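Q: This is the structure I have questions about; it appears just below.
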2 protein chains.
Amino acid sequence: MASYPSTQVSPPLKDELDIVIPTIRNLNFLEQWRPFFQPYHLIIVQDGDPTKTIQVPEGFDYELYNRNDVNRILGPKASCISFKDSACRCFGFLVSKKKYIFTIDDDCFVAKDPSGHDINALAQHIRNLLTPSTPFFFNTLYDPFREGADFVRGYPFSFREGAPTAISHGLWLNIPDYDAPTQLVKPLERNTRYVDAVMTIPKGTLFPMCGMNLGFNRELIGPAMYFGLMGDGQPIGRYDDMWAGWCCKVICDHLSLGVKTGLPYLWHSKASNPFVNLKKEYKGIYWQEEIIPFFQAVVLPRECTTVQKCYTELSKMVKEKLGPVDPYFSKLADEMVTWIEAWDELNAAPKAEPSKESSKPKPK
Amino acid sequence: MASYPSTQVSPPLKDELDIVIPTIRNLNFLEQWRPFFQPYHLIIVQDGDPTKTIQVPEGFDYELYNRNDVNRILGPKASCISFKDSACRCFGFLVSKKKYIFTIDDDCFVAKDPSGHDINALAQHIRNLLTPSTPFFFNTLYDPFREGADFVRGYPFSFREGAPTAISHGLWLNIPDYDAPTQLVKPLERNTRYVDAVMTIPKGTLFPMCGMNLGFNRELIGPAMYFGLMGDGQPIGRYDDMWAGWCCKVICDHLSLGVKTGLPYLWHSKASNPFVNLKKEYKGIYWQEEIIPFFQAVVLPRECTTVQKCYTELSKMVKEKLGPVDPYFSKLADEMVTWIEAWDELNAAPKAEPSKESSKPKPK
């Protein structure tokens, strides 16, 4: 089994990866990440009031988009990008020209592994994305591509090639990613357990994808990484990443792409207000009881051979099956189509052509 | 979420669990397990030459069956029990009258956790079996029933009750459970990674179940825990536990029962001979390429509401679909039926009736 080289040329994928950060505040949290992030390009999506100035620590290479930029670049299609919600991060995925994305929240810091060393979360995501996934059969010793591990007895040899990895979902020490009811019931619970594993979420199984600490291959799954309509003017919040995760997972399953979860951990510093969260979540909590069976039943037609085709097909299913649950889903389905149109518009240019300067505001 | 009490009345399930050990040698390995196993009843299945005397350390409560006992107790149905192969362990499952089984190989010793404490593997299996599984949706923080953990944001509330746990599959430090080709390629690889997690294998996903360190609820899944025909006179070995695992998993999925894997670890002391293993495995290695698609496609009829009915139905499918691969599978299918007949015969008596003395040889 090819194992990932333990001494790698640093920094890996420097010119092939963008770090996308949605924020409403100054990005002081980057200071702690400097040793790991500084070689990479940042795409900052400024949420909320576009007149506010966001401070970015010295020495980072970045582009920053506020709502005015979103409106100018997308025109009428800007309707698909959420406002006053971290769901706006997907605008960064849209305008990136790189093959890989790592996205992180601005309240997330560097965690330590059990031996006390700082965890380079980005490097672990890159390892996860550059090695295959194993969605077709469960390996009981976890990631068989990791050094010191392999496929166990009884793992079919024809499955050992695995599948290309589309998504690497990382976890959080300290404040766990709980919903409002669980936050209310367990206000003091902290995640202190470091589980030293990366695993593939098996084909056919859905999972709750959190956007706080997430890497993905934009070429493989980018067009499905749409964080939906949340926040200002919408009846629901805090389901943006979940929505993206469910859409991505059924499409990955259809296209035989892999989704990993586990390492890396980062340090999630502060719990959001459970009362505010409950207000954002409560419709999601009961809609979800219809959404999950819907996604579990999704079968995409064989003709859907690209992510775009899959996503467009999925938008039709959402309108037909979830539209009756609430008019919100019809609107969401429409914006899923808008998103794909925007994606194709901004990503249609041949790779050799430099991206238009007008779509890349200068760092402020 | 109800968490398992950290201070439990010890020893848990003392009168409801049997420890099943297949062996060909003296059971000195039990000395190391004495603090954890001594309160429990052991069922020892002596493989190979029945005239050999197996020494069991003083102070253990056990019953021991050799091949003569198997033949006497099962009569013509003894044909379903393998000879000269650890697959014979399932005879112990058959004659047990307890609700839970823990089975372990005699080359497995007590492992240490990262803090240097001896791991009570049995206690962890019991915890795994007494808390629900979560087969319908993946929880990214692993076992939500463990202290300090819960279901994460986005986990549907209607799934949080989980499913009764039928199987607890434990892992191995030191010698990993590799097939012969991997043993040959990586003779020096040792498993040194302690992954502090228990997780549910999702519904619809198969896994390689190893019989070295395995707990299960005999009432829920016992009749499917048949280790097939291996060893003496059979064309294949080292697929006994795999076969049981695939049969059990499709039946657990059908009956909405859970299968967990992960903790506890034990210390697997010695690698078996890879050349001998290759001879045992080689047919399995290529048959498996037909066996796995077969199990992945199994759909049991709704009328199959008991494990026995499921297993009988599965035996018919094995004969029909795998029989053409090799006559071995027709024979195996027949013995699957024999096994169920033997199970029903030995387990038909009302629980209150004491088991027949004739079927319980005195400790030697």
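By convention here, the chains of the structure tokens are called A, B, ... in the order presented, each chain's residues are numbered starting at 1, and ligands are numbered starting at 1 in the order presented.
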Enumerate, in order of chain and increasing residue number, the residues of chain A with an atom no farther than 6 Å from chain B, each with its shortest atom pair and distance in Å to one decimal, counting only C-alpha atoms, as JSON lines.
A:
{"residue": "A:Phe137", "atom": "CA", "partner": "B:Leu206", "partner_atom": "CA", "distance": 5.6}
{"residue": "A:Phe138", "atom": "CA", "partner": "B:Phe207", "partner_atom": "CA", "distance": 4.8}
{"residue": "A:Val152", "atom": "CA", "partner": "B:Tyr178", "partner_atom": "CA", "distance": 4.7}
{"residue": "A:Arg153", "atom": "CA", "partner": "B:Asp179", "partner_atom": "CA", "distance": 4.2}
{"residue": "A:Gly154", "atom": "CA", "partner": "B:Pro208", "partner_atom": "CA", "distance": 5.2}
{"residue": "A:Asp177", "atom": "CA", "partner": "B:Val152", "partner_atom": "CA", "distance": 5.7}
{"residue": "A:Tyr178", "atom": "CA", "partner": "B:Arg153", "partner_atom": "CA", "distance": 4.5}
{"residue": "A:Asp179", "atom": "CA", "partner": "B:Arg153", "partner_atom": "CA", "distance": 4.2}
{"residue": "A:Val195", "atom": "CA", "partner": "B:Asp196", "partner_atom": "CA", "distance": 5.2}
{"residue": "A:Asp196", "atom": "CA", "partner": "B:Val195", "partner_atom": "CA", "distance": 5.2}
{"residue": "A:Leu206", "atom": "CA", "partner": "B:Phe137", "partner_atom": "CA", "distance": 5.6}
{"residue": "A:Phe207", "atom": "CA", "partner": "B:Phe138", "partner_atom": "CA", "distance": 4.8}
{"residue": "A:Pro208", "atom": "CA", "partner": "B:Gly154", "partner_atom": "CA", "distance": 5.2}
Q: Extract the full set of strand (DSSP E) residues from stretch 54-300 of chain A according to DSSP on the backbone, and format it as a ChimeraX atom specification.
A: /A:61-65,100-104,108-109,165-174,198-200,213-217,258-268
